[in-house]
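Structure file final.txt; described as compact mmCIF, C-alpha atoms and all ligand atoms.
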```txt
# COMPACT_ATOMS: atom_id res chain seq x y z
CA MET B 16 0.71 -16.77 24.16
CA LYS B 17 -0.06 -18.90 21.11
CA VAL B 18 -0.78 -17.07 17.86
CA LEU B 19 -2.11 -18.34 14.52
CA VAL B 20 -1.74 -16.39 11.27
CA ILE B 21 -3.98 -17.34 8.33
CA GLY B 22 -2.60 -16.98 4.79
CA SER B 23 0.38 -17.92 2.66
CA GLY B 24 1.72 -14.82 0.90
CA GLY B 25 4.47 -12.27 1.30
CA ARG B 26 2.07 -10.23 3.40
CA GLU B 27 1.65 -13.09 5.85
CA HIS B 28 5.42 -13.68 5.99
CA ALA B 29 5.87 -10.00 6.96
CA ILE B 30 3.09 -10.30 9.58
CA VAL B 31 4.56 -13.53 10.98
CA ARG B 32 8.02 -11.96 11.20
CA LYS B 33 6.66 -8.97 13.09
CA ILE B 34 4.61 -11.14 15.48
CA ALA B 35 7.65 -13.38 16.12
CA MET B 36 9.47 -10.31 17.48
CA SER B 37 6.90 -9.85 20.26
CA PRO B 38 8.07 -11.05 23.68
CA LYS B 39 4.47 -12.00 24.44
CA VAL B 40 4.49 -14.83 21.87
CA ASP B 41 5.73 -18.34 22.78
CA ARG B 42 4.25 -20.36 19.91
CA LEU B 43 3.47 -19.21 16.43
CA TYR B 44 1.52 -21.12 13.77
CA CYS B 45 0.62 -20.27 10.19
CA ALA B 46 -2.03 -21.92 8.00
CA PRO B 47 -1.09 -22.84 5.38
CA GLY B 48 2.11 -20.68 5.24
CA ASN B 49 4.96 -21.12 2.78
CA ALA B 50 8.62 -22.19 2.69
CA GLY B 51 9.93 -18.96 4.24
CA ILE B 52 7.34 -18.88 7.00
CA THR B 53 8.41 -22.36 8.22
CA GLU B 54 11.56 -20.74 9.63
CA LEU B 55 9.51 -18.62 12.04
CA ALA B 56 6.26 -20.51 12.58
CA GLU B 57 4.89 -24.03 12.52
CA CYS B 58 3.01 -24.30 9.23
CA VAL B 59 -0.28 -26.18 9.40
CA ASP B 60 -1.79 -27.58 6.22
CA ILE B 61 -5.32 -26.18 6.45
CA ALA B 62 -6.73 -24.12 3.57
CA VAL B 63 -7.77 -20.51 4.21
CA SER B 64 -11.23 -21.40 2.89
CA ASN B 65 -11.73 -24.09 5.56
CA TYR B 66 -13.09 -21.84 8.33
CA ILE B 67 -14.38 -24.74 10.41
CA GLY B 68 -11.08 -26.63 10.14
CA LEU B 69 -9.16 -23.52 11.17
CA ALA B 70 -11.48 -22.84 14.13
CA ASP B 71 -11.21 -26.52 15.18
CA PHE B 72 -7.42 -26.20 15.10
CA ALA B 73 -7.47 -22.96 17.12
CA GLU B 74 -9.74 -24.58 19.73
CA ARG B 75 -7.71 -27.78 19.92
CA GLU B 76 -4.34 -26.00 20.23
CA GLY B 77 -5.61 -23.34 22.63
CA ILE B 78 -4.69 -20.49 20.27
CA ASP B 79 -4.95 -17.14 22.11
CA LEU B 80 -5.10 -14.94 19.02
CA THR B 81 -5.73 -15.56 15.32
CA VAL B 82 -4.77 -12.95 12.70
CA VAL B 83 -6.45 -13.26 9.28
CA GLY B 84 -4.39 -12.07 6.26
CA PRO B 85 -6.37 -12.44 2.98
CA ASP B 86 -9.60 -10.80 1.81
CA ASP B 87 -11.58 -13.91 0.83
CA PRO B 88 -12.00 -15.44 4.32
CA LEU B 89 -12.71 -12.00 5.84
CA VAL B 90 -15.41 -11.23 3.30
CA GLY B 91 -16.67 -14.81 3.70
CA GLY B 92 -17.18 -14.41 7.46
CA ILE B 93 -14.29 -16.31 9.10
CA VAL B 94 -14.17 -13.80 11.96
CA ASP B 95 -17.83 -14.49 12.76
CA VAL B 96 -17.12 -18.24 12.83
CA PHE B 97 -14.23 -17.76 15.29
CA GLU B 98 -16.19 -15.33 17.49
CA GLU B 99 -19.18 -17.66 17.69
CA ARG B 100 -16.82 -20.18 19.28
CA GLY B 101 -15.41 -17.59 21.70
CA LEU B 102 -12.04 -17.53 19.89
CA ARG B 103 -10.07 -14.26 19.84
CA VAL B 104 -9.47 -13.12 16.30
CA PHE B 105 -8.15 -9.97 14.60
CA GLY B 106 -10.06 -8.82 11.53
CA PRO B 107 -13.42 -7.34 10.54
CA ARG B 108 -16.62 -9.36 10.76
CA ARG B 109 -18.42 -10.19 7.55
CA ASN B 110 -20.81 -7.24 7.86
CA ALA B 111 -17.81 -4.85 8.01
CA ALA B 112 -15.52 -6.62 5.51
CA ILE B 113 -18.20 -5.83 2.91
CA ILE B 114 -16.42 -2.48 2.58
CA GLU B 115 -13.95 -4.46 0.42
CA GLY B 116 -16.33 -7.21 -0.71
CA SER B 117 -18.76 -4.93 -2.54
CA LYS B 118 -17.67 -1.90 -4.55
CA SER B 119 -21.28 -0.68 -4.78
CA PHE B 120 -21.58 -0.87 -0.97
CA SER B 121 -18.42 1.20 -0.50
CA LYS B 122 -19.39 3.73 -3.17
CA ASP B 123 -22.87 4.18 -1.64
CA LEU B 124 -21.28 4.56 1.82
CA MET B 125 -18.92 7.28 0.57
CA LYS B 126 -21.74 9.11 -1.17
CA LYS B 127 -24.05 8.97 1.85
CA TYR B 128 -21.36 10.22 4.24
CA HIS B 129 -19.72 12.76 1.90
CA ILE B 130 -16.34 11.00 1.77
CA PRO B 131 -14.39 12.25 -1.28
CA SER B 132 -14.31 9.72 -4.13
CA ALA B 133 -14.96 9.49 -7.88
CA GLY B 134 -18.50 9.95 -9.24
CA TYR B 135 -20.22 6.66 -10.21
CA GLU B 136 -23.34 4.75 -11.22
CA THR B 137 -24.24 1.16 -10.38
CA PHE B 138 -25.87 -1.28 -12.85
CA THR B 139 -27.43 -4.72 -12.68
CA SER B 140 -28.25 -4.86 -16.41
CA SER B 141 -25.71 -4.69 -19.21
CA GLU B 142 -28.18 -2.84 -21.52
CA LYS B 143 -28.56 -0.02 -18.99
CA ALA B 144 -24.78 0.10 -18.44
CA ILE B 145 -24.17 0.39 -22.20
CA GLU B 146 -26.85 3.05 -22.51
CA TYR B 147 -25.11 5.04 -19.78
CA LEU B 148 -21.74 4.75 -21.56
CA LYS B 149 -23.20 6.86 -24.40
CA THR B 150 -23.44 9.78 -21.98
CA THR B 151 -20.12 9.50 -20.16
CA GLY B 152 -16.60 10.77 -20.94
CA PHE B 153 -13.49 8.63 -21.52
CA PRO B 154 -11.36 7.11 -20.15
CA THR B 155 -13.91 5.54 -17.83
CA VAL B 156 -13.53 2.87 -15.16
CA LEU B 157 -15.54 -0.37 -14.94
CA LYS B 158 -15.49 -2.26 -11.64
CA ALA B 159 -16.99 -5.67 -11.00
CA ASP B 160 -18.86 -5.32 -7.71
CA GLY B 161 -17.36 -8.32 -5.87
CA LEU B 162 -13.90 -9.75 -5.17
CA ALA B 163 -11.96 -10.62 -8.33
CA LEU B 164 -8.37 -11.28 -7.20
CA GLY B 165 -7.56 -7.61 -7.75
CA LYS B 166 -8.38 -7.95 -11.46
CA GLY B 167 -11.97 -6.73 -11.57
CA VAL B 168 -11.16 -3.14 -12.59
CA LEU B 169 -11.00 -2.17 -16.28
CA ILE B 170 -9.87 1.25 -17.47
CA CYS B 171 -11.48 1.82 -20.86
CA ASN B 172 -10.22 4.46 -23.27
CA ASP B 173 -13.25 4.64 -25.55
CA TYR B 174 -16.85 3.56 -25.99
CA GLU B 175 -16.03 0.34 -27.91
CA GLU B 176 -13.57 -0.82 -25.29
CA ALA B 177 -16.06 -0.05 -22.53
CA VAL B 178 -18.89 -1.97 -24.22
CA CYS B 179 -16.52 -4.91 -24.59
CA GLY B 180 -15.67 -4.62 -20.88
CA VAL B 181 -19.34 -4.59 -19.87
CA HIS B 182 -19.85 -7.80 -21.87
CA GLN B 183 -16.79 -9.45 -20.30
CA ILE B 184 -17.87 -8.62 -16.75
CA MET B 185 -21.68 -8.90 -16.92
CA GLU B 186 -22.39 -11.39 -19.73
CA GLU B 187 -19.34 -13.63 -20.00
CA LYS B 188 -18.87 -13.41 -16.21
CA GLN B 189 -15.11 -13.24 -16.48
CA PHE B 190 -14.98 -12.64 -12.72
CA GLY B 191 -17.89 -14.96 -11.89
CA SER B 192 -20.72 -13.63 -9.72
CA ALA B 193 -18.51 -10.63 -8.80
CA GLY B 194 -19.84 -9.26 -12.10
CA ASP B 195 -23.55 -9.51 -11.27
CA LYS B 196 -23.36 -5.83 -10.47
CA LEU B 197 -21.16 -3.26 -12.16
CA VAL B 198 -19.91 0.11 -10.97
CA ILE B 199 -18.98 2.62 -13.67
CA GLU B 200 -16.72 5.24 -12.16
CA GLU B 201 -15.24 8.56 -13.19
CA PHE B 202 -11.55 8.27 -14.15
CA MET B 203 -9.22 10.10 -11.78
CA THR B 204 -5.61 11.14 -12.31
CA GLY B 205 -2.88 11.75 -9.75
CA ARG B 206 -0.44 9.92 -7.51
CA GLU B 207 -1.70 6.76 -5.82
CA VAL B 208 -0.97 6.17 -2.14
CA SER B 209 -1.90 3.26 0.13
CA VAL B 210 -2.56 3.90 3.81
CA LEU B 211 -3.21 0.99 6.17
CA ALA B 212 -4.88 1.83 9.47
CA PHE B 213 -5.55 -0.10 12.68
CA CYS B 214 -9.22 0.19 13.71
CA ASP B 215 -10.99 -0.73 16.97
CA GLY B 216 -14.57 -0.19 15.86
CA THR B 217 -14.52 3.45 16.95
CA ARG B 218 -11.01 4.77 16.48
CA VAL B 219 -8.69 4.63 13.50
CA LEU B 220 -4.90 4.82 13.72
CA PRO B 221 -3.18 5.16 10.34
CA MET B 222 0.27 3.69 9.78
CA THR B 223 2.98 5.25 7.64
CA SER B 224 2.12 5.56 3.92
CA ALA B 225 3.22 3.34 1.04
CA GLN B 226 2.94 3.25 -2.74
CA ASP B 227 2.27 0.14 -4.79
CA HIS B 228 3.08 -0.55 -8.48
CA LYS B 229 0.13 -2.55 -9.77
CA ARG B 230 0.99 -3.03 -13.43
CA ALA B 231 3.15 -5.95 -14.55
CA LYS B 232 5.65 -3.97 -16.63
CA ASP B 233 7.96 -0.98 -16.35
CA GLY B 234 6.44 2.44 -16.92
CA ASP B 235 3.09 1.21 -15.52
CA CYS B 236 2.41 -0.84 -18.65
CA GLY B 237 0.97 -4.33 -18.92
CA LEU B 238 -1.78 -6.01 -16.96
CA ASN B 239 -2.86 -5.24 -13.41
CA THR B 240 -1.29 -7.58 -10.86
CA GLY B 241 -1.55 -8.03 -7.11
CA GLY B 242 1.37 -5.57 -6.87
CA MET B 243 4.93 -5.69 -8.24
CA GLY B 244 6.67 -3.59 -5.61
CA THR B 245 6.24 -0.88 -3.03
CA PHE B 246 8.02 1.89 -1.21
CA SER B 247 7.37 3.60 2.11
CA PRO B 248 6.90 6.37 3.05
CA SER B 249 5.40 8.11 0.03
CA PRO B 250 6.98 11.57 -0.35
CA PHE B 251 3.70 12.68 -1.96
CA TYR B 252 1.77 11.91 1.24
CA THR B 253 2.72 15.08 3.10
CA ALA B 254 1.69 16.13 6.62
CA GLU B 255 -1.08 18.30 5.09
CA VAL B 256 -2.42 15.41 3.03
CA ASP B 257 -2.37 13.23 6.14
CA GLU B 258 -4.30 15.81 8.14
CA PHE B 259 -6.87 16.17 5.37
CA CYS B 260 -7.31 12.39 5.09
CA ARG B 261 -7.68 11.86 8.84
CA LYS B 262 -10.36 14.55 9.02
CA ASN B 263 -12.23 13.90 5.78
CA ILE B 264 -11.63 10.20 5.02
CA TYR B 265 -10.41 7.92 7.83
CA ARG B 266 -12.52 9.19 10.73
CA PRO B 267 -15.66 9.72 8.62
CA THR B 268 -15.29 6.15 7.29
CA MET B 269 -15.12 4.71 10.81
CA ASP B 270 -18.06 6.85 11.92
CA ALA B 271 -20.02 5.83 8.82
CA MET B 272 -19.46 2.13 9.46
CA LYS B 273 -20.51 2.56 13.09
CA ALA B 274 -23.61 4.52 12.10
CA GLU B 275 -24.54 1.64 9.75
CA GLY B 276 -24.16 -0.90 12.60
CA ARG B 277 -21.03 -2.35 10.98
CA ASP B 278 -18.29 -1.52 13.51
CA PHE B 279 -14.97 -2.06 11.76
CA VAL B 280 -12.28 -3.85 13.77
CA GLY B 281 -9.10 -4.79 11.91
CA ILE B 282 -7.03 -3.16 9.19
CA LEU B 283 -8.70 -0.62 6.96
CA PHE B 284 -6.61 -0.18 3.82
CA VAL B 285 -7.46 3.04 2.04
CA GLY B 286 -6.30 3.32 -1.57
CA LEU B 287 -6.04 7.05 -2.28
CA MET B 288 -5.65 9.09 -5.42
CA LEU B 289 -4.05 12.47 -4.78
CA THR B 290 -5.98 14.49 -7.37
CA LYS B 291 -5.74 18.19 -8.18
CA GLU B 292 -8.94 18.70 -6.16
CA GLY B 293 -7.47 16.88 -3.18
CA PRO B 294 -7.19 13.27 -1.97
CA LYS B 295 -10.02 10.92 -3.00
CA VAL B 296 -10.70 7.27 -2.17
CA LEU B 297 -9.95 4.82 -5.01
CA GLU B 298 -10.93 1.78 -3.00
CA TYR B 299 -11.15 0.31 0.47
CA ASN B 300 -9.71 -3.03 1.49
CA ALA B 301 -10.43 -4.77 4.79
CA ARG B 302 -6.94 -6.18 5.37
CA PHE B 303 -3.20 -5.56 5.15
CA GLY B 304 -1.93 -4.81 1.61
CA ASP B 305 0.36 -7.10 -0.31
CA PRO B 306 3.15 -5.94 -0.90
CA GLU B 307 2.49 -2.75 1.15
CA THR B 308 2.90 -4.73 4.39
CA GLN B 309 6.42 -5.79 3.32
CA VAL B 310 7.57 -2.13 3.51
CA VAL B 311 5.35 -0.86 6.33
CA LEU B 312 5.86 -3.48 9.06
CA PRO B 313 9.69 -3.57 8.84
CA ARG B 314 9.57 0.15 9.73
CA MET B 315 7.16 -0.24 12.66
CA LYS B 316 8.64 -0.07 16.16
CA ASN B 317 5.57 -1.10 18.22
CA ASP B 318 4.91 -4.58 19.53
CA ILE B 319 2.23 -5.54 16.99
CA ILE B 320 0.51 -7.93 19.41
CA GLU B 321 -0.23 -5.00 21.74
CA VAL B 322 -1.79 -3.12 18.84
CA PHE B 323 -3.88 -6.12 17.67
CA GLU B 324 -5.16 -6.63 21.21
CA ALA B 325 -5.99 -2.93 21.65
CA CYS B 326 -8.07 -3.11 18.44
CA ILE B 327 -10.00 -6.18 19.57
CA ASP B 328 -10.59 -4.70 23.05
CA GLY B 329 -11.70 -1.29 21.72
CA LYS B 330 -8.75 0.40 23.40
CA LEU B 331 -6.81 1.89 20.53
CA ASP B 332 -6.62 5.19 22.47
CA SER B 333 -3.94 3.50 24.61
CA ILE B 334 -1.62 3.08 21.60
CA ALA B 335 0.69 5.55 19.87
CA LEU B 336 2.17 4.14 16.69
CA ASP B 337 5.89 4.62 16.19
CA PHE B 338 7.81 4.15 12.92
CA GLU B 339 11.52 4.28 12.20
CA ASP B 340 12.68 7.51 10.60
CA ASN B 341 13.91 5.58 7.56
CA ALA B 342 12.54 4.26 4.28
CA ALA B 343 11.90 0.84 2.73
CA VAL B 344 11.57 -0.48 -0.81
CA CYS B 345 10.19 -3.91 -1.80
CA VAL B 346 10.78 -5.39 -5.27
CA VAL B 347 8.66 -8.42 -6.13
CA LEU B 348 10.41 -11.28 -7.92
CA ALA B 349 7.75 -12.95 -10.01
CA ALA B 350 7.57 -15.76 -12.53
CA GLU B 351 7.85 -14.59 -16.15
CA GLY B 352 4.31 -14.52 -17.54
CA TYR B 353 2.58 -13.50 -14.30
CA PRO B 354 -0.30 -12.51 -13.97
CA GLU B 355 -1.27 -14.83 -16.84
CA HIS B 356 0.50 -18.12 -17.61
CA TYR B 357 3.72 -19.08 -15.87
CA GLU B 358 5.67 -22.17 -14.89
CA LYS B 359 6.28 -23.37 -11.33
CA GLY B 360 8.62 -25.73 -9.53
CA TYR B 361 12.02 -24.11 -10.23
CA PRO B 362 14.65 -24.27 -7.43
CA ILE B 363 15.52 -20.91 -5.84
CA SER B 364 19.10 -20.18 -4.85
CA GLY B 365 20.76 -17.36 -2.91
CA LEU B 366 18.31 -17.12 0.00
CA GLU B 367 21.18 -17.56 2.49
CA HIS B 368 22.53 -14.08 1.61
CA PHE B 369 19.75 -12.52 3.68
CA GLN B 370 20.66 -14.31 6.91
CA GLY B 371 21.90 -12.12 9.75
CA LYS B 372 21.23 -8.86 7.89
CA GLU B 373 19.03 -6.33 9.69
CA ASP B 374 18.30 -4.10 6.73
CA PHE B 375 17.53 -6.76 4.10
CA PHE B 376 14.47 -9.02 4.12
CA VAL B 377 13.32 -11.79 1.82
CA PHE B 378 9.58 -12.34 2.17
CA HIS B 379 8.34 -15.55 0.59
CA ALA B 380 5.08 -15.52 -1.38
CA GLY B 381 4.76 -18.35 -3.95
CA THR B 382 7.35 -20.79 -2.58
CA LYS B 383 7.27 -24.30 -1.18
CA LEU B 384 9.67 -26.93 0.08
CA ALA B 385 10.30 -29.86 -2.24
CA GLY B 386 12.83 -32.49 -1.21
CA GLY B 387 14.63 -30.05 1.09
CA ASN B 388 14.85 -27.34 -1.61
CA VAL B 389 12.88 -24.13 -1.82
CA VAL B 390 11.10 -24.04 -5.19
CA THR B 391 8.85 -21.55 -6.98
CA ASN B 392 5.15 -22.18 -6.46
CA GLY B 393 3.17 -19.19 -7.72
CA GLY B 394 3.14 -15.98 -9.74
CA ARG B 395 4.66 -13.68 -7.18
CA ILE B 396 7.55 -15.65 -5.68
CA LEU B 397 9.54 -13.41 -3.31
CA GLY B 398 9.45 -9.84 -2.02
CA ILE B 399 12.93 -8.37 -1.62
CA THR B 400 12.82 -5.51 0.90
CA ALA B 401 15.64 -3.24 2.00
CA THR B 402 15.60 -0.35 4.43
CA GLY B 403 17.85 2.68 4.19
CA LYS B 404 18.23 6.19 5.54
CA ASP B 405 16.12 7.48 2.67
CA LEU B 406 14.17 6.11 -0.30
CA LYS B 407 17.09 6.38 -2.70
CA GLU B 408 19.34 4.31 -0.48
CA ALA B 409 16.60 1.75 0.20
CA ARG B 410 15.91 1.48 -3.53
CA ARG B 411 19.56 0.97 -4.40
CA LYS B 412 19.92 -1.72 -1.72
CA ALA B 413 16.69 -3.54 -2.68
CA TYR B 414 17.77 -3.80 -6.32
CA GLU B 415 21.26 -4.92 -5.27
CA ALA B 416 19.66 -7.72 -3.22
CA THR B 417 17.45 -8.88 -6.11
CA GLY B 418 20.74 -9.96 -7.73
CA TRP B 419 21.49 -12.38 -4.88
CA ILE B 420 18.55 -14.58 -5.88
CA SER B 421 18.36 -16.84 -8.92
CA PHE B 422 15.68 -19.07 -10.35
CA ASP B 423 14.64 -19.90 -13.89
CA ASN B 424 12.03 -17.50 -15.33
CA LYS B 425 12.77 -14.79 -12.71
CA TYR B 426 11.01 -11.55 -13.61
CA MET B 427 10.83 -8.15 -11.92
CA ARG B 428 10.08 -4.54 -12.68
CA ASN B 429 13.15 -2.31 -12.81
CA ASP B 430 11.42 0.94 -11.93
CA ILE B 431 9.96 0.31 -8.46
CA GLY B 432 10.31 3.60 -6.58
CA LYS B 433 11.68 5.42 -9.60
CA ALA B 434 9.01 8.11 -9.12
CA ILE B 435 10.71 9.19 -5.92
CA GLU B 436 13.77 10.24 -7.85
CA GLU B 437 11.62 12.87 -9.54
CA VAL B 438 10.80 14.69 -6.27
P1 LIG M 1 -8.81 -1.06 -7.36
O1 LIG M 1 -8.79 -2.56 -7.37
O2 LIG M 1 -10.15 -0.45 -7.15
O3 LIG M 1 -7.70 -0.47 -6.50
O4 LIG M 1 -8.33 -0.63 -8.79
C1 LIG M 1 -7.13 -1.09 -9.34
C2 LIG M 1 -6.39 0.06 -9.95
O5 LIG M 1 -7.17 0.66 -10.97
C3 LIG M 1 -6.09 1.19 -8.97
O6 LIG M 1 -4.95 0.98 -8.20
C4 LIG M 1 -5.95 2.35 -9.93
O7 LIG M 1 -4.66 2.36 -10.51
C5 LIG M 1 -6.94 2.05 -11.00
N1 LIG M 1 -8.21 2.74 -10.71
C6 LIG M 1 -9.26 2.31 -9.98
N2 LIG M 1 -10.25 3.23 -9.94
C7 LIG M 1 -9.81 4.27 -10.67
C8 LIG M 1 -10.37 5.55 -11.01
N3 LIG M 1 -11.60 5.92 -10.62
N4 LIG M 1 -9.62 6.37 -11.76
C9 LIG M 1 -8.40 6.01 -12.20
N5 LIG M 1 -7.82 4.84 -11.91
C10 LIG M 1 -8.51 3.97 -11.17
N1 LIG M 2 -1.26 -4.22 -3.15
C1 LIG M 2 -2.64 -4.01 -3.26
C2 LIG M 2 -3.47 -4.89 -2.47
O1 LIG M 2 -3.02 -5.55 -1.53
O2 LIG M 2 -4.66 -4.95 -2.72
```

Just dump the structure as structure tokens.
Amino acid sequence: MKVLVIGSGGREHAIVRKIAMSPKVDRLYCAPGNAGITELAECVDIAVSNYIGLADFAEREGIDLTVVGPDDPLVGGIVDVFEERGLRVFGPRRNAAIIEGSKSFSKDLMKKYHIPSAGYETFTSSEKAIEYLKTTGFPTVLKADGLALGKGVLICNDYEEAVCGVHQIMEEKQFGSAGDKLVIEEFMTGREVSVLAFCDGTRVLPMTSAQDHKRAKDGDCGLNTGGMGTFSPSPFYTAEVDEFCRKNIYRPTMDAMKAEGRDFVGILFVGLMLTKEGPKVLEYNARFGDPETQVVLPRMKNDIIEVFEACIDGKLDSIALDFEDNAAVCVVLAAEGYPEHYEKGYPISGLEHFQGKEDFFVFHAGTKLAGGNVVTNGGRILGITATGKDLKEARRKAYEATGWISFDNKYMRNDIGKAIEEV
């Protein structure tokens, strides 16, 4: 079969690699892809925002299955565009992707269906939001309602900071129309865990757990980023926690979406906070995580095409997920200055060290080919993943492999997975 993957990040490189391993696949395309993906798939220069262009391509090439990576096209309705043309596509429709696209939607859903999450209020006027801040405790959490490149969440330590945040989001529109509505949420403490789950509209099949490191600097300091590194599994996500989440979070979320006439087909990414009172939902995403996917898929044994097809056909009951009994760590190599200002266009060397190794992976994110060389082309450049018999071994190997790569302005966190050494 012919498969098209939409996106250009490390997540999509990990998805493409996994799809390329399926014996069912004869031709693999990626739009627009990146320098690393070109080794596994034919990259097609069509932007992820060009839904019509992508559907035209899928029709013309006789693509049998399209897999959508990023949030923007899912929330924007790319799946609906493909389905209207009778094209097979993996991902939630627009009316289901809203679970990521609107924080107030997801908070209202959780409240209505008694899914554990932080307490909250929603505001459309900055005066009312500021009035409310006089009654709340600190720290408090401000969330722009819509998509904001993962940056629309502000944790405010006192009233002044929070008022400033309300102005930034609602008046100055730092995140554009995503800030037309604001959610003010209770601050939770605990370990964070990401769980990605395959969904067929009715059933939900969670994959192994992972933990991200969102802040730019060691010790969880600095600005929020897309994610600076991950490990899988999370030792904090025990069998009891998993059982609790299946019963009280994953299944109720699927049932809630169905009850609302918004059947969810695709990947439901549940961001959890393991609080003293039990696991609670931090956020939902409607897609694979980045860089969670770079540690989860290398550990998955199933043919991913079979799982995608079972989701689309509503037959997830025919699938049992199987993961290696090992661990994986991914360290993101970024450009110094990310997530703010950084330079691009530096040549990357050392990529050849990863060839022919089964337990080391280099997932490209912000890279491109220039005159036959691979050069930096974004904030997050590469994801260096290693697997090992346990997290400690995987961590040691991942950091060893970060030393094989050089480029000017290379930056990484040095404490990815350090928390696991405390357990
Ligand atoms: P989100 O984009 O909703 O995942 O938020 C980004 C990050 O902000 C999360 O990964 C958490 O670290 C933090 N965060 C979000 N909501 C809360 C909350 N209610 N309490 C504490 N931290 C939060
Ligand atoms: N790594 C977090 C995300 O993909 O949203």

Give me the residues within 9 Å of B:Asn341 as a compact mmCIF listing (two decimals) with C-alpha atoms, keeping the file's coordinate frame, counting only C-alpha atoms and dropping any in the same chain fewer than 6 places off.
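out_11.txt, written as the output of this step:
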```
# COMPACT_ATOMS: atom_id res chain seq x y z
CA SER B 247 7.37 3.60 2.11
CA PRO B 248 6.90 6.37 3.05
CA ARG B 314 9.57 0.15 9.73
CA THR B 402 15.60 -0.35 4.43
CA GLY B 403 17.85 2.68 4.19
CA LYS B 404 18.23 6.19 5.54
CA ASP B 405 16.12 7.48 2.67
CA LEU B 406 14.17 6.11 -0.30
CA ALA B 409 16.60 1.75 0.20
```

As lines of an AutoDock Vina configuration file, what would the box around ligand LIG 2 (chain M) look like: edges along x, y and z, 8 Å added on every side, centre and edge lengths in Å to one decimal?
```
center_x = -3.0
center_y = -4.8
center_z = -2.4
size_x = 19.4
size_y = 17.5
size_z = 17.7
```

#### Entry: Within-10 Å residues of ligand LIG 2 (chain M), basis all atoms listed in the file, as a ChimeraX atom specification
/B:26,85-86,115,164-166,209,225-229,240-245,284-286,298-308

### Query
Please, which residues have at least one atom within 6 Å of an atom of ligand LIG 1 (chain M), using only C-alpha atoms and all ligand atoms, listed as a list in words?
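I would give the residues around ligand LIG 1 (chain M) as Ala133, Val156, Gly165, Val168, Glu200, Glu201, Phe202, Met203, Thr204, Leu297 and Glu298 of chain B.
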
### Task
To one decimal in Å, tell me the separation between atom CA of B:Gly106 and atom CA of B:Leu89.
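Between these atoms lies a distance of 7.0 Å.
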
### Message
Is it possible to get the residues within 12 Å of (-6.5, -27.2, 6.7) (coordinates as in the file, counting all atoms listed in the file) written as a list of chain:residue names?
### Response
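The residues that fall inside the cut-off are B:Ile21, B:Gly22, B:Cys45, B:Ala46, B:Pro47, B:Gly48, B:Cys58, B:Val59, B:Asp60, B:Ile61, B:Ala62, B:Val63, B:Ser64, B:Asn65, B:Tyr66, B:Ile67, B:Gly68, B:Leu69, B:Ala70, B:Asp71, B:Phe72, B:Ala73.
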
### For B:Gly24, the nearest of the candidates B:Ala274, B:Val377, B:Leu283, B:Ile396, counting all atoms listed in the file
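Ranking B:Ala274, B:Val377, B:Leu283, B:Ile396 by distance to B:Gly24, first place goes to B:Ile396.
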
#### Entry: Protein, DNA and RNA residues within 12 Å of (5.5, -12.5, 19.3), all atoms listed in the file, as a PyMOL selection string
chain B and resi 16-20+30-44+55-56+79-80+317-323

### Query
Rounded to one decimal in Å, what is the spacing between atom CA of B:Pro294 and atom CA of B:Asp340?
24.2 Å

### Query
Between atom CA of B:Thr391 and atom CA of B:Gly360, what is the spacing in Å?
4.9 Å

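Nearest to B:Ala112 of all the residues B:Ile264, B:Met272, B:Ala159, B:Ile184 is B:Met272, counting all atoms listed in the file.
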